[in-house]
>>> print(open('structure-v2.cif').read())   # mmCIF, C-alpha atoms and all ligand atoms
data_start
#
loop_
_atom_site.label_atom_id
_atom_site.label_comp_id
_atom_site.auth_asym_id
_atom_site.auth_seq_id
_atom_site.Cartn_x
_atom_site.Cartn_y
_atom_site.Cartn_z
CA MET A 12 92.01 116.51 114.64
CA THR A 13 89.50 115.87 111.91
CA THR A 14 90.80 117.58 108.81
CA SER A 15 93.77 117.02 106.50
CA HIS A 16 94.72 120.68 107.04
CA GLU A 17 95.04 120.17 110.80
CA TRP A 18 97.20 117.07 110.36
CA PHE A 19 99.34 118.89 107.81
CA GLU A 20 99.96 121.80 110.18
CA ARG A 21 101.06 119.33 112.84
CA ALA A 22 103.16 117.29 110.39
CA ARG A 23 105.08 120.33 109.16
CA LEU A 24 106.48 120.93 112.62
CA VAL A 25 108.21 117.57 112.77
CA MET A 26 108.80 116.42 109.18
CA PRO A 27 110.41 118.21 106.18
CA GLY A 28 107.44 119.66 104.34
CA GLY A 29 105.20 117.58 106.56
CA VAL A 30 105.83 114.45 104.51
CA ASN A 31 108.08 111.43 104.12
CA SER A 32 108.48 111.85 100.36
CA PRO A 33 108.39 115.26 98.61
CA ALA A 34 105.71 114.69 95.96
CA ARG A 35 103.19 113.87 98.68
CA ALA A 36 103.19 117.50 99.85
CA PHE A 37 101.01 118.49 96.83
CA LYS A 38 103.32 121.44 96.13
CA GLY A 39 103.25 120.37 92.48
CA VAL A 40 99.65 121.61 92.33
CA GLY A 41 100.03 124.43 94.85
CA ALA A 42 97.76 122.71 97.33
CA GLU A 43 97.83 120.84 100.63
CA PRO A 44 97.89 117.05 100.85
CA VAL A 45 94.99 114.84 101.78
CA PHE A 46 95.61 112.66 104.84
CA VAL A 47 94.25 109.18 104.50
CA THR A 48 93.27 106.58 107.08
CA ARG A 49 92.41 103.55 104.95
CA GLY A 50 92.13 102.19 101.47
CA GLU A 51 89.81 99.64 99.93
CA GLY A 52 89.82 98.60 96.28
CA ALA A 53 89.90 101.76 94.15
CA PHE A 54 89.05 104.06 97.07
CA LEU A 55 90.86 105.97 99.77
CA GLU A 56 89.17 107.37 102.85
CA THR A 57 90.43 110.71 104.16
CA VAL A 58 90.66 111.79 107.80
CA GLY A 59 87.59 113.93 107.12
CA GLY A 60 85.63 110.88 106.01
CA HIS A 61 85.65 111.62 102.24
CA ARG A 62 85.93 108.74 99.79
CA LEU A 63 88.26 109.37 96.85
CA ILE A 64 88.76 107.31 93.69
CA ASP A 65 92.52 106.92 93.77
CA PHE A 66 94.75 107.14 90.69
CA ILE A 67 97.98 107.56 92.68
CA ALA A 68 97.79 103.85 93.55
CA SER A 69 100.77 104.25 95.89
CA TRP A 70 102.68 105.76 92.95
CA GLY A 71 102.13 102.64 90.88
CA ALA A 72 102.89 100.07 93.56
CA LEU A 73 99.35 98.67 93.48
CA ILE A 74 97.93 96.87 90.47
CA PHE A 75 94.92 95.12 92.02
CA GLY A 76 93.67 97.61 94.59
CA HIS A 77 94.02 98.77 98.19
CA ALA A 78 93.86 96.09 100.88
CA GLU A 79 93.62 93.35 98.27
CA PRO A 80 92.27 90.38 100.29
CA GLU A 81 94.81 87.81 99.05
CA VAL A 82 97.69 90.11 99.89
CA VAL A 83 96.18 91.01 103.27
CA ASP A 84 95.73 87.33 104.17
CA ALA A 85 99.33 86.55 103.20
CA LEU A 86 100.57 89.47 105.28
CA VAL A 87 98.56 88.51 108.35
CA ALA A 88 99.93 84.96 108.20
CA ALA A 89 103.47 86.32 107.81
CA VAL A 90 103.13 88.75 110.73
CA GLU A 91 101.98 85.96 113.02
CA ALA A 92 105.03 83.90 112.10
CA GLY A 93 107.55 86.67 112.82
CA THR A 94 108.46 89.74 110.79
CA SER A 95 112.22 89.41 110.34
CA PHE A 96 114.77 86.68 111.00
CA GLY A 97 118.00 87.65 109.29
CA VAL A 98 118.50 84.07 108.13
CA PRO A 99 117.16 82.61 104.88
CA THR A 100 113.55 81.49 104.42
CA PRO A 101 111.93 79.19 101.82
CA GLY A 102 109.70 82.09 100.79
CA GLU A 103 112.69 84.03 99.45
CA VAL A 104 113.54 81.15 97.16
CA GLU A 105 109.99 80.87 95.86
CA TYR A 106 109.94 84.62 95.41
CA ALA A 107 113.16 84.68 93.38
CA GLU A 108 111.82 81.81 91.29
CA ILE A 109 108.59 83.57 90.36
CA VAL A 110 110.40 86.84 89.56
CA THR A 111 112.84 85.04 87.26
CA ARG A 112 109.95 83.17 85.62
CA LEU A 113 107.95 86.35 84.91
CA VAL A 114 111.02 88.35 83.80
CA PRO A 115 113.23 85.78 82.05
CA SER A 116 116.20 88.13 81.42
CA MET A 117 116.59 88.15 85.21
CA GLU A 118 118.38 84.87 85.72
CA VAL A 119 119.68 85.71 89.18
CA VAL A 120 118.07 88.28 91.48
CA ARG A 121 118.70 90.02 94.80
CA MET A 122 116.00 91.58 96.99
CA VAL A 123 116.54 95.06 98.43
CA ASN A 124 114.28 97.53 100.26
CA SER A 125 113.51 100.23 97.69
CA GLY A 126 113.79 101.10 94.03
CA THR A 127 116.54 103.54 94.97
CA GLU A 128 118.59 100.70 96.40
CA ALA A 129 117.94 98.53 93.36
CA THR A 130 119.23 101.09 90.86
CA ALA A 131 122.21 102.04 93.03
CA ALA A 132 123.18 98.39 93.36
CA ALA A 133 122.72 97.70 89.64
CA ILE A 134 125.04 100.58 88.81
CA ARG A 135 127.64 99.25 91.23
CA VAL A 136 127.49 95.87 89.53
CA ALA A 137 127.85 97.48 86.10
CA ARG A 138 130.82 99.56 87.26
CA GLY A 139 132.41 96.64 89.07
CA VAL A 140 132.12 94.28 86.14
CA THR A 141 133.13 96.70 83.37
CA GLY A 142 135.79 98.57 85.35
CA ARG A 143 134.30 101.82 83.98
CA ASP A 144 132.80 104.73 85.95
CA VAL A 145 130.52 106.66 83.61
CA VAL A 146 126.77 106.12 83.59
CA VAL A 147 124.46 107.40 80.85
CA LYS A 148 120.95 108.42 81.85
CA PHE A 149 118.14 110.27 80.11
CA GLU A 150 116.85 113.73 80.90
CA GLY A 151 113.54 113.46 82.76
CA CYS A 152 114.09 109.84 83.86
CA TYR A 153 114.07 109.22 87.61
CA HIS A 154 115.95 106.30 89.08
CA GLY A 155 115.62 106.98 92.79
CA HIS A 156 117.54 109.44 94.92
CA ALA A 157 121.07 107.99 94.86
CA ASP A 158 123.71 110.63 94.08
CA ALA A 159 124.55 109.38 90.60
CA PHE A 160 120.96 109.75 89.41
CA LEU A 161 119.98 113.14 90.79
CA VAL A 162 120.86 114.85 87.56
CA LYS A 163 117.97 116.07 85.40
CA ALA A 164 115.77 113.56 87.12
CA GLY A 165 112.18 114.33 86.20
CA SER A 166 108.97 114.73 88.13
CA GLY A 167 109.78 115.24 91.82
CA LEU A 168 112.64 117.59 91.11
CA ALA A 169 111.05 119.31 88.14
CA THR A 170 108.01 120.02 90.23
CA PHE A 171 110.14 122.04 92.61
CA GLY A 172 112.24 123.67 89.90
CA GLU A 173 115.44 122.13 91.22
CA PRO A 174 117.23 120.39 88.39
CA ASP A 175 119.89 119.02 90.74
CA SER A 176 120.12 118.51 94.48
CA PRO A 177 122.63 120.24 96.74
CA GLY A 178 124.61 117.55 98.50
CA VAL A 179 125.42 115.57 95.38
CA PRO A 180 129.24 115.68 95.01
CA THR A 181 130.36 117.31 91.77
CA GLY A 182 132.57 114.33 91.07
CA THR A 183 129.67 111.91 91.32
CA ALA A 184 127.44 114.01 89.11
CA GLY A 185 130.37 114.32 86.71
CA ASP A 186 130.30 110.57 86.12
CA THR A 187 126.69 110.82 84.95
CA ARG A 188 126.24 111.70 81.27
CA VAL A 189 122.74 112.93 80.43
CA VAL A 190 121.12 112.69 77.00
CA ALA A 191 117.65 113.45 75.66
CA PHE A 192 115.08 110.65 75.64
CA ASN A 193 114.26 109.36 72.14
CA ASP A 194 117.52 110.78 70.72
CA LEU A 195 119.51 107.78 69.51
CA ASP A 196 122.22 109.91 67.91
CA ALA A 197 122.92 111.49 71.29
CA VAL A 198 123.24 108.04 72.86
CA GLU A 199 125.79 107.12 70.22
CA VAL A 200 127.83 110.25 70.98
CA ALA A 201 127.66 109.53 74.72
CA LEU A 202 128.87 105.95 74.30
CA ALA A 203 131.56 106.66 71.71
CA PRO A 204 134.43 107.41 74.16
CA GLY A 205 134.21 103.79 75.37
CA ASP A 206 134.16 104.73 79.07
CA VAL A 207 130.51 104.00 79.83
CA ALA A 208 129.72 101.24 82.33
CA ALA A 209 125.99 101.30 81.68
CA VAL A 210 123.07 103.04 80.10
CA ILE A 211 120.15 103.17 82.53
CA ILE A 212 116.67 103.93 81.21
CA GLU A 213 112.97 103.88 82.00
CA GLY A 214 111.92 102.07 78.79
CA VAL A 215 108.58 103.85 79.04
CA VAL A 216 109.18 107.01 81.05
CA GLY A 217 106.73 107.60 83.87
CA ASN A 218 108.62 110.33 85.67
CA MET A 219 108.11 113.19 83.23
CA GLY A 220 104.59 111.95 82.64
CA VAL A 221 104.10 108.96 80.37
CA VAL A 222 106.47 109.10 77.40
CA PRO A 223 106.77 105.97 75.27
CA PRO A 224 109.92 105.18 73.29
CA ASP A 225 109.91 105.97 69.56
CA ALA A 226 109.95 102.95 67.25
CA GLY A 227 113.46 101.48 67.22
CA PHE A 228 114.78 103.60 70.11
CA LEU A 229 115.17 100.82 72.69
CA GLU A 230 116.44 98.36 70.07
CA GLY A 231 118.94 100.99 68.94
CA ILE A 232 120.24 101.48 72.49
CA ARG A 233 120.63 97.73 72.91
CA ALA A 234 122.74 97.57 69.72
CA LEU A 235 124.85 100.59 70.72
CA CYS A 236 125.53 99.14 74.18
CA ASP A 237 126.74 95.91 72.57
CA ARG A 238 128.96 97.81 70.14
CA HIS A 239 130.60 99.90 72.87
CA GLY A 240 130.87 97.28 75.61
CA SER A 241 128.38 99.05 77.91
CA LEU A 242 125.66 97.30 79.87
CA LEU A 243 121.97 98.09 79.45
CA ILE A 244 120.06 98.53 82.72
CA LEU A 245 116.31 98.67 82.29
CA ASP A 246 114.71 100.47 85.22
CA GLU A 247 111.33 98.74 85.43
CA VAL A 248 110.55 99.92 88.95
CA MET A 249 107.40 101.57 87.57
CA THR A 250 106.75 99.58 84.38
CA GLY A 251 107.49 96.10 85.73
CA PHE A 252 104.35 93.90 85.80
CA ARG A 253 102.35 96.98 84.75
CA VAL A 254 102.77 97.55 81.01
CA ALA A 255 102.87 93.74 80.55
CA PRO A 256 103.43 90.82 82.95
CA GLY A 257 107.10 90.93 81.96
CA GLY A 258 107.28 94.73 81.75
CA VAL A 259 108.72 96.89 78.96
CA GLN A 260 111.20 94.17 78.05
CA GLU A 261 108.37 91.79 77.21
CA ARG A 262 106.26 94.37 75.40
CA TRP A 263 109.18 95.70 73.33
CA SER A 264 111.14 92.40 73.08
CA ILE A 265 114.31 93.93 74.53
CA THR A 266 116.81 91.91 76.55
CA PRO A 267 118.59 94.12 79.11
CA ASP A 268 121.70 92.96 80.95
CA LEU A 269 120.32 94.08 84.31
CA THR A 270 116.81 95.02 85.44
CA CYS A 271 115.50 96.94 88.45
CA LEU A 272 112.04 96.17 89.81
CA GLY A 273 110.11 97.87 92.59
CA LYS A 274 106.57 98.98 93.40
CA ILE A 275 104.30 96.10 92.20
CA VAL A 276 107.04 93.52 92.84
CA ALA A 277 106.52 94.04 96.57
CA GLY A 278 102.71 94.18 96.53
CA GLY A 279 102.53 97.49 98.39
CA THR A 280 105.24 96.79 100.97
CA ALA A 281 108.79 98.14 101.11
CA ALA A 282 110.92 96.00 98.82
CA ALA A 283 112.51 95.95 95.39
CA VAL A 284 114.66 93.65 93.29
CA TYR A 285 117.62 93.92 90.97
CA GLY A 286 119.10 91.20 88.85
CA GLY A 287 119.87 90.00 85.38
CA ARG A 288 122.41 87.88 83.55
CA ALA A 289 123.81 85.16 85.80
CA ASP A 290 127.40 85.86 84.76
CA LEU A 291 127.00 89.47 85.95
CA MET A 292 125.07 88.73 89.14
CA ARG A 293 127.62 86.10 90.20
CA HIS A 294 129.96 89.04 90.89
CA VAL A 295 127.70 90.11 93.77
CA ALA A 296 128.80 89.15 97.32
CA PRO A 297 129.10 86.52 98.60
CA ASP A 298 129.55 84.80 95.19
CA GLY A 299 131.79 87.67 94.11
CA ALA A 300 133.51 90.79 95.34
CA ILE A 301 130.90 93.47 94.58
CA TYR A 302 129.42 94.25 97.98
CA GLN A 303 125.74 94.86 98.62
CA ALA A 304 123.70 93.82 101.66
CA GLY A 305 120.58 94.58 103.75
CA THR A 306 119.35 93.81 107.29
CA LEU A 307 115.71 93.64 106.21
CA ALA A 308 116.29 92.53 102.61
CA GLY A 309 113.94 89.67 101.77
CA ASN A 310 112.05 90.04 105.05
CA PRO A 311 108.98 87.79 105.41
CA LEU A 312 106.46 90.63 105.10
CA ALA A 313 107.78 91.85 101.76
CA VAL A 314 108.15 88.30 100.50
CA ALA A 315 104.58 87.40 101.52
CA ALA A 316 103.01 90.47 99.88
CA GLY A 317 105.20 90.12 96.79
CA LEU A 318 104.51 86.42 96.39
CA ALA A 319 100.74 86.86 96.80
CA THR A 320 100.75 89.66 94.22
CA LEU A 321 102.94 87.92 91.65
CA ARG A 322 101.13 84.59 92.02
CA ARG A 323 97.80 86.28 91.42
CA LEU A 324 99.26 88.09 88.40
CA GLU A 325 100.71 84.85 86.98
CA ARG A 326 97.38 83.06 87.45
CA ASP A 327 95.42 85.70 85.55
CA PRO A 328 96.70 86.04 81.95
CA GLY A 329 93.73 88.28 81.05
CA LEU A 330 94.56 90.98 83.62
CA HIS A 331 96.67 93.18 81.37
CA GLU A 332 94.17 93.02 78.54
CA ARG A 333 91.42 94.21 80.88
CA LEU A 334 93.65 97.01 82.18
CA GLU A 335 94.51 97.95 78.59
CA GLU A 336 90.81 98.25 77.73
CA ALA A 337 90.15 100.35 80.82
CA GLY A 338 93.13 102.58 80.00
CA ALA A 339 91.88 103.02 76.44
CA ARG A 340 88.41 103.92 77.73
CA LEU A 341 89.83 106.60 80.06
CA GLU A 342 92.15 107.93 77.36
CA ALA A 343 89.32 108.19 74.81
CA ALA A 344 86.98 109.93 77.26
CA VAL A 345 89.61 112.50 78.24
CA THR A 346 90.65 113.09 74.63
CA VAL A 347 87.05 113.74 73.55
CA ALA A 348 86.53 116.09 76.51
CA LEU A 349 89.67 118.04 75.57
CA GLU A 350 88.36 118.49 72.03
CA GLN A 351 84.81 119.39 73.06
CA ASN A 352 86.06 122.01 75.49
CA ARG A 353 88.73 123.29 73.08
CA ILE A 354 91.50 122.66 75.57
CA ARG A 355 94.95 122.27 74.08
CA GLY A 356 96.53 119.11 75.42
CA THR A 357 97.23 115.46 74.84
CA VAL A 358 96.86 112.13 76.58
CA GLN A 359 99.79 109.72 76.43
CA ARG A 360 99.26 106.18 77.62
CA VAL A 361 100.94 102.80 77.75
CA GLY A 362 98.64 100.13 79.18
CA ALA A 363 97.60 101.01 82.71
CA MET A 364 99.67 104.21 83.01
CA LEU A 365 98.59 107.51 81.49
CA THR A 366 99.29 111.24 81.63
CA LEU A 367 97.19 114.20 80.52
CA PHE A 368 99.57 116.96 79.40
CA PHE A 369 98.00 120.42 79.09
CA GLY A 370 99.24 122.98 76.57
CA VAL A 371 101.35 120.67 74.38
CA GLU A 372 100.61 118.48 71.36
CA LYS A 373 103.04 115.62 71.90
CA VAL A 374 105.72 114.83 74.45
CA ARG A 375 108.77 112.87 73.27
CA ASN A 376 111.35 114.14 75.75
CA TRP A 377 111.93 116.46 78.69
CA ASP A 378 112.14 119.55 76.49
CA ASP A 379 108.56 118.92 75.37
CA ALA A 380 107.35 118.02 78.86
CA SER A 381 108.85 121.14 80.43
CA ARG A 382 106.59 123.31 78.23
CA LEU A 383 103.34 121.96 79.64
CA ASP A 384 100.82 124.25 81.31
CA ARG A 385 101.35 123.76 85.06
CA GLU A 386 98.78 126.33 86.13
CA MET A 387 96.02 124.62 84.15
CA PHE A 388 96.94 121.25 85.62
CA SER A 389 96.71 122.68 89.14
CA ARG A 390 93.21 124.00 88.50
CA PHE A 391 92.19 120.69 86.94
CA HIS A 392 93.63 118.69 89.83
CA ALA A 393 91.66 120.73 92.37
CA ALA A 394 88.47 120.44 90.32
CA ALA A 395 88.84 116.65 90.10
CA LEU A 396 89.56 116.37 93.83
CA ARG A 397 86.40 118.31 94.64
CA ARG A 398 84.56 115.66 92.60
CA GLY A 399 86.16 112.83 94.56
CA VAL A 400 88.88 111.89 92.04
CA LEU A 401 92.43 111.85 93.42
CA LEU A 402 95.01 112.31 90.66
CA PRO A 403 98.79 112.41 91.24
CA PRO A 404 99.54 115.92 92.51
CA SER A 405 101.95 116.92 89.75
CA PRO A 406 101.59 117.42 85.99
CA PHE A 407 104.70 115.28 85.45
CA GLU A 408 103.34 112.05 86.88
CA ALA A 409 101.52 109.00 85.58
CA TRP A 410 97.99 108.13 86.63
CA PHE A 411 97.81 104.45 87.50
CA LEU A 412 94.91 102.11 86.85
CA MET A 413 94.25 99.19 89.16
CA GLU A 414 92.01 96.20 88.62
CA ALA A 415 89.69 97.61 91.29
CA HIS A 416 88.98 100.61 89.03
CA LEU A 417 87.32 98.44 86.40
CA GLY A 418 83.59 99.04 86.09
CA ASP A 419 81.77 101.53 88.28
CA PRO A 420 84.73 103.38 89.87
CA LEU A 421 86.22 104.06 86.45
CA GLU A 422 82.91 105.31 85.05
CA ARG A 423 82.45 107.60 88.04
CA ALA A 424 86.02 108.83 87.72
CA ILE A 425 85.50 109.58 84.03
CA GLU A 426 82.40 111.62 84.87
CA GLY A 427 84.43 113.58 87.41
CA VAL A 428 87.36 114.15 85.10
CA VAL A 429 85.16 115.24 82.18
CA ALA A 430 83.17 117.64 84.40
CA SER A 431 86.47 119.04 85.74
CA LEU A 432 87.69 119.71 82.20
CA GLU A 433 84.43 121.53 81.42
CA GLU A 434 84.90 123.62 84.57
CA ILE A 435 88.43 124.77 83.79
CA ALA A 436 87.91 125.33 80.04
N1 LIG A 501 113.02 104.05 89.40
C1 LIG A 501 111.84 104.48 88.93
C2 LIG A 501 111.54 104.36 87.47
C3 LIG A 501 110.91 105.04 89.80
O1 LIG A 501 109.74 105.50 89.32
C4 LIG A 501 111.24 105.14 91.17
C5 LIG A 501 110.27 105.73 92.13
O2 LIG A 501 109.29 106.32 91.79
C6 LIG A 501 112.47 104.66 91.61
C7 LIG A 501 113.34 104.12 90.70
C8 LIG A 501 112.84 104.74 93.06
O3 LIG A 501 112.10 103.83 93.80
P1 LIG A 501 111.86 104.08 95.37
O4 LIG A 501 110.97 105.25 95.48
O5 LIG A 501 111.23 102.78 95.82
O6 LIG A 501 113.19 104.29 95.99
#
>>> encode(input="structure-v2.cif", output="structure tokens")
Amino acid sequence: MTTSHEWFERARLVMPGGVNSPARAFKGVGAEPVFVTRGEGAFLETVGGHRLIDFIASWGALIFGHAEPEVVDALVAAVEAGTSFGVPTPGEVEYAEIVTRLVPSMEVVRMVNSGTEATAAAIRVARGVTGRDVVVKFEGCYHGHADAFLVKAGSGLATFGEPDSPGVPTGTAGDTRVVAFNDLDAVEVALAPGDVAAVIIEGVVGNMGVVPPDAGFLEGIRALCDRHGSLLILDEVMTGFRVAPGGVQERWSITPDLTCLGKIVAGGTAAAVYGGRADLMRHVAPDGAIYQAGTLAGNPLAVAAGLATLRRLERDPGLHERLEEAGARLEAAVTVALEQNRIRGTVQRVGAMLTLFFGVEKVRNWDDASRLDREMFSRFHAAALRRGVLLPPSPFEAWFLMEAHLGDPLERAIEGVVASLEEIA
């Protein structure tokens, strides 16, 4: 068993699509996945022994690099001390303290095991506190796979041409009101009946490719939520600690009522966090009646990896500036290559997340994103992979920069990307 193809054949017999999460199957680019045995810094090593410069970065969960030594050391120490106790540990307290320090709108937080759990729990809190059922979400935003959110939910689903999932009860989907991203008038219409528990949003969308908010959009939503008695839930699972140390809310000076964090918050292990205003979070059990629990929530492994990651981030105030510069360098190189090769397309970037959209000029919402040239992206993806650059295997995803990319790996990746654009032109 030495090739990814062989492993994929074997995997398909025992796992849906051969994978544990749909996007990993590379169907979005009409290809087969690479199987990987290890990661180090900016690189992944495949079962066939190829080294790839990785821009999937565990779908944004990694901001420093693979097998970051500080995180590895913290994990090894945690493993040796026992992986799960089911009673409280000091580390959980320190962890909650650093999260609330980096994201000040989160006064009280609860650890869970995935971003999906975080958003589902946040919605329950919003519904429980407001006594309302309806949730407003934006077309193309993904908030995990809980029933209420699998309505016009962006990348994974768009890639497969399935706007909704069978198995989601009509009643549940009926409580989800969907509006277009960057359309403030539509938000106002959706909130006007006064029955909305919460508006949930990716402040910078990553799940239809990178789409930033128009000037005033997030501020406008905040004001509308206040006017109509609805809560604002900022889903920063992808943007948290990435677009700024304090996420979208720091960069755009927005104060949400509740926030969901995932990916980077757990340093590459399986954990996530939700939280926000103390008066809301005090309704969560056992302080209050809104039930939410987890056997492995706050387990020592997740806490160790999360703490090591967040401490390193807090210690290094220049990190995001360096990532910004690297992002700008990549964006500029790709933009020039598009022009030189007369390829219609655009690069959209916020900090260390970026998407190259083929066949469109500007993407402000899902309508725009859905018009991109999928076939061209597939050819480009394959060309880049042949040159040792692993991009997310879907045109509707963000490419993620890590600190480990800075310097030589980024320059080599740019060479590969530019040559791939020349090839497909
Ligand atoms: N919210 C956003 C914005 C995400 O990007 C994701 C996952 O990509 C989720 C929620 C769900 O997180 P998880 O995959 O950890 O369940």
>>> closest_residue(input="structure-v2.cif", among="A:Ala415, A:Leu367, A:Ile67, A:Ala53", to="ligand LIG 501 (chain A)", atoms="all atoms listed in the file")
A:Ile67
>>> residues_near_ligand(input="structure-v2.cif", ligand="ligand LIG 501 (chain A)", cutoff="7 Å", atoms="only C-alpha atoms and all ligand atoms", output="PyMOL selection string")
chain A and resi 70+125-128+130+153-156+213+217-218+246-249+273-274+283
>>> residues_near_point(input="structure-v2.cif", point="(109.0, 88.4, 98.8)", cutoff="12 Å", atoms="only C-alpha atoms", output="PyMOL selection string")
chain A and resi 82+85-86+89+99-110+120-124+273+275-284+307-322
>>> atom_distance(input="structure-v2.cif", atom1="atom CA of Thr14 of chain A", atom2="atom CA of Gly52 of chain A")
22.8 Å
>>> closest_residue(input="structure-v2.cif", among="A:Gly251, A:Gly142, A:Gly185, A:Gly231", to="Val198 of chain A", atoms="only C-alpha atoms")
A:Gly231
>>> closest_residue(input="structure-v2.cif", among="A:Phe46, A:Tyr285, A:Phe391, A:Phe411", to="His61 of chain A", atoms="all atoms listed in the file")
A:Phe46
>>> closest_residue(input="structure-v2.cif", among="A:Pro224, A:Gly41, A:Gly399, A:Gly29", to="Arg360 of chain A", atoms="all atoms listed in the file")
A:Pro224
>>> closest_residue(input="structure-v2.cif", among="A:Ile134, A:Ala255, A:Ala72, A:Val190", to="Trp377 of chain A", atoms="all atoms listed in the file")
A:Val190
>>> residues_around(input="structure-v2.cif", residues="Val210 of chain A", least_positions_apart="3", cutoff="10 Å", atoms="all atoms listed in the file", output="VMD selection string")
chain A and resid 134 137 145 to 149 187 to 189 198 201 to 202 207 232 to 233 235 to 236 241 to 245
>>> residues_around(input="structure-v2.cif", residues="Val221 of chain A", least_positions_apart="6", cutoff="6 Å", atoms="only C-alpha atoms", output="number ranges by chain")
A: 359, 365-366, 409
>>> write_last_selection(input="structure-v2.cif", atoms="C-alpha atoms", output="CSV table (one decimal), in the coordinates of the input")
chain,number,residue,atom,x,y,z
A,359,GLN,CA,99.8,109.7,76.4
A,365,LEU,CA,98.6,107.5,81.5
A,366,THR,CA,99.3,111.2,81.6
A,409,ALA,CA,101.5,109.0,85.6
>>> atom_distance(input="structure-v2.cif", atom1="atom CA of Leu412 of chain A", atom2="atom CA of Gly71 of chain A")
8.3 Å
>>> atom_distance(input="structure-v2.cif", atom1="atom CA of Glu408 of chain A", atom2="atom CA of Met219 of chain A")
6.1 Å
>>> residues_around(input="structure-v2.cif", residues="segment 379-388 of chain A", least_positions_apart="2", cutoff="10 Å", atoms="all atoms listed in the file", output="PyMOL selection string")
chain A and resi 39-41+151+165-166+169-170+219-222+354-356+367-377+390-394+404-407+432+435-436
>>> closest_residue(input="structure-v2.cif", among="A:Arg21, A:Glu414, A:Thr141, A:Ala296", to="Gly329 of chain A", atoms="all atoms listed in the file")
A:Glu414
